[in-house]
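> Got a structure here, written out as structure tokens. Questions coming.
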Amino acid sequence: MLRPIRTLAAAAAALALVSACNSASTNGSSPGKPGDALGNSRGVTADSVKVGGIVSMTSAGGYSKKDTDLGAKARYLRANAEGGINGRKIDYLGAEDDGQDPAKNLAAARKLVQQDKVFAVAPMSSVTFSGADFLEQEKVPTFGWGTLPSFCGPQHIYGFNGCLVPTPGGTLNQTWPEGIGQVLGGAQGRSVAIIANDSDAGKFGIRTFQQGFASAGFKVSYAKASVPATAVPSDWSAYVKEILAANDGKAPDAVVSVMQTPNNIGLFTALKRSGYQGLLSDPTDYDPGLLAKDATKQALDGVHVLLQFQPFESTDPKMTQFKADIKAASGGQEVPLSMHMLTGYMSADLFVSIARKAGKDLTVESFQAAAQGFSDTGTLVGDRAEPKGQKDSFGCGALVQLKNGAYEVSVPFKCYEPIPFK
């Protein structure tokens with residue numbers, strides 16, 4: 001019952017959204033309060049449950065997370081082959097493209113709820129999540145990568161590996177600083193520079209990772225969210241100059257980028273050309289598709305990439321299942337694996353796992369009740385538990401290094417004790 005992603009002309013989409021905004025958020029009933037009882041089984045029929053996604057399929061900078069949609073599709077296909085959710089087939093509508101635009105993100109959320117009448121949004125994968133308040137108000141179970149503050153706290157929004165940007169009182173995942181410390185032979189006496197985009201996500205990333213690296217024993221000699229979020233700089237010299245003198249006039253032992261691939265390629269290339277010999281690391285460039293171009297492969301060679309899931313190189317049976325599911329969703333074709341695929345897959349997996357525990361009578365209330373007592377172990381992101389994951393990270397991860405044109409595990413997948421976030 002999976003449908004292909006549907007594309008609409010801009011005018012038609014706008015007209016539909018205007019019409020939808022003037023209608024109730026329930027199944028065609030008379031208007032009521034947002035998320036009231038009339039909407040609790042929205043998208044659920046006797047034999048199906050409707051789910052949609054929001055993904056940055058395109059962006060102004062050319063960066064794409066389109067593989068997230070394929071990952072979700074792969075997990076839903078297997079779930080349907082296994083009988084769906086307590087006998088209901090998953091009707092996955094595919095992902096709406098928000099273009100990394102806050103206005104489009106909110107419009108996509110409204111369309112999925114008010115026009116398509118989905119029960120859940122899984123996956124939601126973007127650097128912007130302006131639709132979060134609307135989805136929470138409408139009580140729509142929503143799943144994605146918990147790298148934005150909106151995944152931490154709301155009752156109906158879940159990070160597939162927990163909350164990675166918590167509010168005070170939550171905890172921080174220490175995979176990245178602990179892993180880099182292992183690569184460097186210890187954190188004591190080592191310095192690190194952290195750089196991010198000038199955006200809400202970038203500023204929050206600086207705040208969290210600055211605390212995490214300091215707690216692990218590093219001297220944080222540079223921490224700035226200063227790179228424009230709307231366009232990749234053509235000249236990185238000013239950033240490189242600051243970083244190379246940040247450690248009391250010397251270069252830091254490690255440079256950590258909390259940015260996406262185009263920015264990382266520019267920054268790392270400029271650092272290498274300056275003669276920088278320290279460790280380079282980021283959380284996004286684990287993608288075999290990046291190795292197709294020699295220039296990209298050269299720019300990212302030697303970089304240690306943070307993973308918050310089992311590496312594709314793992315022999316874990318669940319990774320073998322993931323690969324088989326992706327192949328099936330790709331029509332039997334072998335396709336390069338990417339972390340975006342796993343983002344979609346694990347977002348869908350957490351939704352399916354909780355929904356199955358909700359029982360035959362699937363409503364928002366039964367789903368939320370199941371989530372309150374949900375836990376499982378040994379997944380591709382470690383041990384999961386809710387509502388813990390709405391406040392804390394699940395605390396697991398690994399590092400891989402691009403070396404001579406191939407990824408190698410530099411720090412094996414492990415769960416680390418999180419630290420309190422202040």
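Following the order of the structure tokens, chains are lettered A, B, ..., residues in each are numbered from 1, and ligands are numbered from 1.
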Could you find all residues in range 210-289 of chain A that DSSP calls alpha helix (DSSP H) from the backbone, and write them as JSON, numbers by chain?

{"A": [210, 211, 212, 213, 214, 215, 237, 238, 239, 240, 241, 242, 243, 244, 261, 262, 263, 264, 265, 266, 267, 268, 269, 270, 271, 272, 273]}

> Output N, CA and C atoms for every residue in that selection, as a PDB file, in the first residue's frame.


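Once written, part03.pdb looks like this:
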```
ATOM      1  N   GLN A 210      30.561  22.192  23.070  1.00  0.00           N
ATOM      2  CA  GLN A 210      31.552  22.881  23.885  1.00  0.00           C
ATOM      3  C   GLN A 210      31.549  22.302  25.298  1.00  0.00           C
ATOM      4  N   GLN A 211      30.366  22.070  25.835  1.00  0.00           N
ATOM      5  CA  GLN A 211      30.284  21.488  27.175  1.00  0.00           C
ATOM      6  C   GLN A 211      30.766  20.046  27.168  1.00  0.00           C
ATOM      7  N   GLY A 212      30.393  19.269  26.133  1.00  0.00           N
ATOM      8  CA  GLY A 212      30.772  17.863  26.078  1.00  0.00           C
ATOM      9  C   GLY A 212      32.275  17.656  25.976  1.00  0.00           C
ATOM     10  N   PHE A 213      32.934  18.428  25.105  1.00  0.00           N
ATOM     11  CA  PHE A 213      34.376  18.275  24.950  1.00  0.00           C
ATOM     12  C   PHE A 213      35.121  18.736  26.207  1.00  0.00           C
ATOM     13  N   ALA A 214      34.652  19.799  26.825  1.00  0.00           N
ATOM     14  CA  ALA A 214      35.288  20.271  28.055  1.00  0.00           C
ATOM     15  C   ALA A 214      35.149  19.220  29.159  1.00  0.00           C
ATOM     16  N   SER A 215      33.978  18.604  29.256  1.00  0.00           N
ATOM     17  CA  SER A 215      33.750  17.587  30.275  1.00  0.00           C
ATOM     18  C   SER A 215      34.643  16.367  30.063  1.00  0.00           C
ATOM     19  N   SER A 237      39.598  31.571   4.175  1.00  0.00           N
ATOM     20  CA  SER A 237      40.872  31.978   4.780  1.00  0.00           C
ATOM     21  C   SER A 237      40.696  32.643   6.145  1.00  0.00           C
ATOM     22  N   ALA A 238      39.647  33.452   6.302  1.00  0.00           N
ATOM     23  CA  ALA A 238      39.450  34.130   7.585  1.00  0.00           C
ATOM     24  C   ALA A 238      39.155  33.129   8.698  1.00  0.00           C
ATOM     25  N   TYR A 239      38.341  32.113   8.398  1.00  0.00           N
ATOM     26  CA  TYR A 239      38.024  31.091   9.387  1.00  0.00           C
ATOM     27  C   TYR A 239      39.273  30.284   9.731  1.00  0.00           C
ATOM     28  N   VAL A 240      40.034  29.914   8.706  1.00  0.00           N
ATOM     29  CA  VAL A 240      41.243  29.112   8.919  1.00  0.00           C
ATOM     30  C   VAL A 240      42.256  29.888   9.762  1.00  0.00           C
ATOM     31  N   LYS A 241      42.425  31.168   9.480  1.00  0.00           N
ATOM     32  CA  LYS A 241      43.378  31.991  10.229  1.00  0.00           C
ATOM     33  C   LYS A 241      43.018  32.021  11.710  1.00  0.00           C
ATOM     34  N   GLU A 242      41.736  32.205  12.007  1.00  0.00           N
ATOM     35  CA  GLU A 242      41.287  32.232  13.406  1.00  0.00           C
ATOM     36  C   GLU A 242      41.527  30.896  14.098  1.00  0.00           C
ATOM     37  N   ILE A 243      41.173  29.818  13.411  1.00  0.00           N
ATOM     38  CA  ILE A 243      41.300  28.496  14.014  1.00  0.00           C
ATOM     39  C   ILE A 243      42.761  28.149  14.287  1.00  0.00           C
ATOM     40  N   LEU A 244      43.642  28.443  13.339  1.00  0.00           N
ATOM     41  CA  LEU A 244      45.047  28.058  13.477  1.00  0.00           C
ATOM     42  C   LEU A 244      45.778  28.835  14.569  1.00  0.00           C
ATOM     43  N   THR A 261      27.994  18.668   4.486  1.00  0.00           N
ATOM     44  CA  THR A 261      29.072  18.289   3.576  1.00  0.00           C
ATOM     45  C   THR A 261      29.690  19.432   2.762  1.00  0.00           C
ATOM     46  N   PRO A 262      28.919  20.258   2.057  1.00  0.00           N
ATOM     47  CA  PRO A 262      29.567  21.315   1.256  1.00  0.00           C
ATOM     48  C   PRO A 262      30.467  22.227   2.079  1.00  0.00           C
ATOM     49  N   ASN A 263      30.017  22.592   3.285  1.00  0.00           N
ATOM     50  CA  ASN A 263      30.839  23.413   4.165  1.00  0.00           C
ATOM     51  C   ASN A 263      32.081  22.664   4.635  1.00  0.00           C
ATOM     52  N   ASN A 264      31.903  21.396   4.965  1.00  0.00           N
ATOM     53  CA  ASN A 264      33.036  20.604   5.447  1.00  0.00           C
ATOM     54  C   ASN A 264      34.111  20.464   4.378  1.00  0.00           C
ATOM     55  N   ILE A 265      33.684  20.239   3.149  1.00  0.00           N
ATOM     56  CA  ILE A 265      34.650  20.110   2.049  1.00  0.00           C
ATOM     57  C   ILE A 265      35.463  21.402   1.919  1.00  0.00           C
ATOM     58  N   GLY A 266      34.786  22.553   1.954  1.00  0.00           N
ATOM     59  CA  GLY A 266      35.482  23.825   1.835  1.00  0.00           C
ATOM     60  C   GLY A 266      36.427  24.085   2.990  1.00  0.00           C
ATOM     61  N   LEU A 267      35.944  23.863   4.218  1.00  0.00           N
ATOM     62  CA  LEU A 267      36.761  24.116   5.406  1.00  0.00           C
ATOM     63  C   LEU A 267      37.961  23.181   5.477  1.00  0.00           C
ATOM     64  N   PHE A 268      37.718  21.884   5.310  1.00  0.00           N
ATOM     65  CA  PHE A 268      38.807  20.914   5.454  1.00  0.00           C
ATOM     66  C   PHE A 268      39.861  21.081   4.353  1.00  0.00           C
ATOM     67  N   THR A 269      39.406  21.388   3.152  1.00  0.00           N
ATOM     68  CA  THR A 269      40.355  21.628   2.056  1.00  0.00           C
ATOM     69  C   THR A 269      41.252  22.819   2.386  1.00  0.00           C
ATOM     70  N   ALA A 270      40.646  23.892   2.885  1.00  0.00           N
ATOM     71  CA  ALA A 270      41.415  25.084   3.230  1.00  0.00           C
ATOM     72  C   ALA A 270      42.383  24.811   4.376  1.00  0.00           C
ATOM     73  N   LEU A 271      41.957  24.049   5.361  1.00  0.00           N
ATOM     74  CA  LEU A 271      42.846  23.711   6.480  1.00  0.00           C
ATOM     75  C   LEU A 271      44.036  22.875   6.015  1.00  0.00           C
ATOM     76  N   LYS A 272      43.768  21.907   5.165  1.00  0.00           N
ATOM     77  CA  LYS A 272      44.860  21.068   4.652  1.00  0.00           C
ATOM     78  C   LYS A 272      45.857  21.889   3.835  1.00  0.00           C
ATOM     79  N   ARG A 273      45.347  22.793   3.018  1.00  0.00           N
ATOM     80  CA  ARG A 273      46.227  23.631   2.197  1.00  0.00           C
ATOM     81  C   ARG A 273      47.072  24.561   3.050  1.00  0.00           C
TER      82      ARG A 273
END
```

> What's around Tyr286 in chain A at 7 Å? Count only C-alpha atoms, leave out sequence neighbours fewer than 4 positions away in its own chain, and write the answer as a list in words.

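Answer for this query is Val305, Ser338 and Met339 of chain A.
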
> Using CA of Asp116 in chain A and CA of Gly61 in chain A as the two end points, give the distance in Å to one decimal.

29.3 Å

> Identify all residues of range 155-278 of chain A in strand (DSSP E or B) (DSSP on the backbone) and supply them as a PyMOL selection string.

chain A and resi 157-160+162+171-172+191-197+219-227+247+250+254-258

> Looking at A:Lys357, A:Ala295, A:Trp236, A:Pro228, which one is nearest to Ser274 in chain A, with distances taken over only C-alpha atoms?

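Checking each candidate against Ser274 in chain A, we get A:Trp236 as the closest.
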
> Measuring atom to atom with only C-alpha atoms, identify which of A:Ile206, A:Ala406, A:Ile326, A:Ala193 is nearest to Val255 in chain A.

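Smallest separation from Val255 in chain A among the options: A:Ala193.
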
> Quick one: residues within 8 Å of range 367-379 of chain A, only C-alpha atoms counted, chain neighbours fewer than 2 positions away excluded, as a VMD selection string?

chain A and resid 156 318 354 to 355 357 to 358 362 to 365 381 to 387

> Please produce an output containing all heavy atoms for each residue in the selection, written as a compact mmCIF listing (two decimals), in the first residue's frame.


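Saved to part29.txt:
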```txt
# COMPACT_ATOMS: atom_id res chain seq x y z
N HIS A 156 4.81 14.49 21.75
CA HIS A 156 4.50 13.67 20.57
C HIS A 156 5.64 13.61 19.57
O HIS A 156 5.47 13.05 18.48
CB HIS A 156 3.23 14.20 19.90
CG HIS A 156 2.03 14.19 20.79
ND1 HIS A 156 1.77 15.21 21.67
CD2 HIS A 156 1.04 13.28 20.94
CE1 HIS A 156 0.65 14.93 22.34
NE2 HIS A 156 0.19 13.77 21.92
N LYS A 318 21.43 -7.13 12.60
CA LYS A 318 20.47 -6.07 12.28
C LYS A 318 20.98 -5.19 11.15
O LYS A 318 20.19 -4.63 10.38
CB LYS A 318 20.15 -5.26 13.52
CG LYS A 318 19.26 -6.01 14.52
CD LYS A 318 18.85 -5.13 15.67
CE LYS A 318 17.82 -5.84 16.55
NZ LYS A 318 18.32 -7.10 17.12
N ILE A 354 6.75 1.17 18.40
CA ILE A 354 5.81 1.68 19.41
C ILE A 354 4.37 1.40 19.00
O ILE A 354 3.54 0.98 19.81
CB ILE A 354 6.03 3.18 19.65
CG1 ILE A 354 7.42 3.44 20.24
CG2 ILE A 354 4.94 3.74 20.57
CD1 ILE A 354 7.76 4.91 20.40
N ALA A 355 4.06 1.62 17.71
CA ALA A 355 2.68 1.42 17.24
C ALA A 355 2.23 -0.02 17.43
O ALA A 355 1.06 -0.28 17.76
CB ALA A 355 2.58 1.82 15.77
N LYS A 357 3.10 -1.97 19.78
CA LYS A 357 2.82 -2.19 21.21
C LYS A 357 1.53 -1.49 21.65
O LYS A 357 1.01 -1.77 22.73
CB LYS A 357 4.00 -1.68 22.05
CG LYS A 357 5.25 -2.56 21.94
CD LYS A 357 6.34 -2.07 22.86
CE LYS A 357 7.59 -2.97 22.76
NZ LYS A 357 7.33 -4.32 23.29
N ALA A 358 1.03 -0.59 20.80
CA ALA A 358 -0.20 0.13 21.14
C ALA A 358 -1.44 -0.75 21.05
O ALA A 358 -2.49 -0.39 21.58
CB ALA A 358 -0.36 1.35 20.24
N LEU A 362 -5.71 1.42 17.59
CA LEU A 362 -4.66 2.42 17.41
C LEU A 362 -5.25 3.82 17.39
O LEU A 362 -5.95 4.21 16.45
CB LEU A 362 -3.88 2.15 16.12
CG LEU A 362 -2.72 3.12 15.83
CD1 LEU A 362 -1.68 3.06 16.94
CD2 LEU A 362 -2.09 2.79 14.48
N THR A 363 -4.98 4.57 18.42
CA THR A 363 -5.34 5.98 18.52
C THR A 363 -4.12 6.72 19.04
O THR A 363 -3.14 6.10 19.48
CB THR A 363 -6.50 6.21 19.50
OG1 THR A 363 -6.07 5.82 20.82
CG2 THR A 363 -7.73 5.39 19.10
N VAL A 364 -4.18 8.04 19.03
CA VAL A 364 -3.07 8.81 19.59
C VAL A 364 -2.90 8.46 21.07
O VAL A 364 -1.78 8.29 21.55
CB VAL A 364 -3.31 10.32 19.43
CG1 VAL A 364 -2.28 11.13 20.22
CG2 VAL A 364 -3.24 10.71 17.96
N GLU A 365 -4.02 8.28 21.78
CA GLU A 365 -3.93 7.95 23.21
C GLU A 365 -3.27 6.60 23.43
O GLU A 365 -2.40 6.45 24.29
CB GLU A 365 -5.33 7.95 23.86
CG GLU A 365 -5.90 9.34 24.08
CD GLU A 365 -6.59 9.86 22.84
OE1 GLU A 365 -6.63 9.15 21.82
OE2 GLU A 365 -7.09 10.99 22.89
N VAL A 381 20.85 1.57 16.99
CA VAL A 381 21.24 2.77 17.74
C VAL A 381 21.41 2.45 19.22
O VAL A 381 21.47 3.35 20.06
CB VAL A 381 20.22 3.91 17.55
CG1 VAL A 381 20.19 4.37 16.11
CG2 VAL A 381 18.82 3.50 18.00
N GLY A 382 21.51 1.17 19.57
CA GLY A 382 21.69 0.77 20.95
C GLY A 382 20.38 0.46 21.63
O GLY A 382 19.39 0.09 20.98
N ASP A 383 20.36 0.60 22.96
CA ASP A 383 19.15 0.33 23.73
C ASP A 383 18.26 1.58 23.73
O ASP A 383 18.73 2.69 23.97
CB ASP A 383 19.51 -0.03 25.17
CG ASP A 383 20.36 -1.30 25.26
OD1 ASP A 383 20.43 -2.03 24.25
OD2 ASP A 383 20.96 -1.54 26.32
N ARG A 384 16.96 1.37 23.46
CA ARG A 384 16.03 2.50 23.39
C ARG A 384 15.03 2.46 24.53
O ARG A 384 14.66 1.37 24.99
CB ARG A 384 15.27 2.48 22.06
CG ARG A 384 16.15 2.45 20.84
CD ARG A 384 15.36 2.53 19.54
NE ARG A 384 14.51 1.37 19.30
CZ ARG A 384 13.93 1.09 18.14
NH1 ARG A 384 14.12 1.89 17.10
NH2 ARG A 384 13.15 0.03 18.00
N ALA A 385 14.59 3.61 24.97
CA ALA A 385 13.55 3.69 26.01
C ALA A 385 12.85 5.03 25.91
O ALA A 385 13.47 6.06 25.64
CB ALA A 385 14.16 3.51 27.40
N GLU A 386 11.54 4.99 26.09
CA GLU A 386 10.73 6.21 26.14
C GLU A 386 9.95 6.22 27.46
O GLU A 386 9.59 5.16 27.97
CB GLU A 386 9.74 6.25 24.96
CG GLU A 386 10.39 6.24 23.58
CD GLU A 386 11.24 7.45 23.27
OE1 GLU A 386 11.19 8.43 24.04
OE2 GLU A 386 11.97 7.41 22.28
N PRO A 387 9.73 7.40 28.03
CA PRO A 387 10.00 8.73 27.49
C PRO A 387 11.42 9.23 27.72
O PRO A 387 11.70 10.42 27.49
CB PRO A 387 8.98 9.60 28.22
CG PRO A 387 8.86 8.95 29.56
CD PRO A 387 8.94 7.47 29.29
```

> Rank A:Met341, A:Ala245, A:Ile157, A:Leu184 by their smallest atom-to-atom distance to Ala72 in chain A, using only C-alpha atoms, and report the top residue only.

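The answer is A:Met341, which sits nearest to Ala72 in chain A.
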
> Show me, as a Markdown table, the residues of range 294-364 of chain A having an atom within 9 Å of range 278-283 of chain A, each with the closest atom pair and its distance in Å, using only C-alpha atoms.


```
| residue | atom | partner | partner_atom | distance |
| --- | --- | --- | --- | --- |
| A:Leu300 | CA | A:Leu280 | CA | 8.8 |
| A:Gly302 | CA | A:Leu280 | CA | 7.3 |
| A:Val303 | CA | A:Leu280 | CA | 5.0 |
| A:His304 | CA | A:Ser281 | CA | 4.6 |
| A:Val305 | CA | A:Asp282 | CA | 5.1 |
| A:Leu306 | CA | A:Pro283 | CA | 4.6 |
| A:Leu307 | CA | A:Pro283 | CA | 6.7 |
| A:Gln308 | CA | A:Pro283 | CA | 8.9 |
```

> Only C-alpha atoms, please: the residues just picked out, written as an mmCIF file, in the first residue's frame.


```cif
data_model
loop_
_atom_site.group_PDB
_atom_site.id
_atom_site.type_symbol
_atom_site.label_atom_id
_atom_site.label_comp_id
_atom_site.auth_asym_id
_atom_site.auth_seq_id
_atom_site.Cartn_x
_atom_site.Cartn_y
_atom_site.Cartn_z
ATOM 1 C CA LEU A 300 37.495 14.301 3.176
ATOM 2 C CA GLY A 302 41.515 11.288 6.885
ATOM 3 C CA VAL A 303 38.363 12.820 8.389
ATOM 4 C CA HIS A 304 36.800 11.005 11.354
ATOM 5 C CA VAL A 305 33.001 10.985 11.089
ATOM 6 C CA LEU A 306 30.714 10.691 14.096
ATOM 7 C CA LEU A 307 28.030 7.999 13.830
ATOM 8 C CA GLN A 308 25.191 7.460 16.253
#
```

> Which of these residues is nearest to Val335 in chain A, using only C-alpha atoms: A:Gly169, A:Ala60, A:Gln114, A:Gly71?

A:Gly71

> Which value, in Å to one decimal, gives the distance between CA of Glu82 in chain A and CA of Val352 in chain A?

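Rounded to one decimal, the two atoms are 11.5 Å apart.
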
> Write out as a list in words which residues come within 10 Å of Ser64 in chain A when counting only C-alpha atoms, dropping same-chain ones fewer than 3 positions away.

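Here the qualifying residues turn out to be Val55, Ser56, Met57, Thr58, Ser59, Ala60, Gly61, Asp67, Thr68, Asp97, Gly99, Gln100, Ser126, Thr261 and His340 of chain A.
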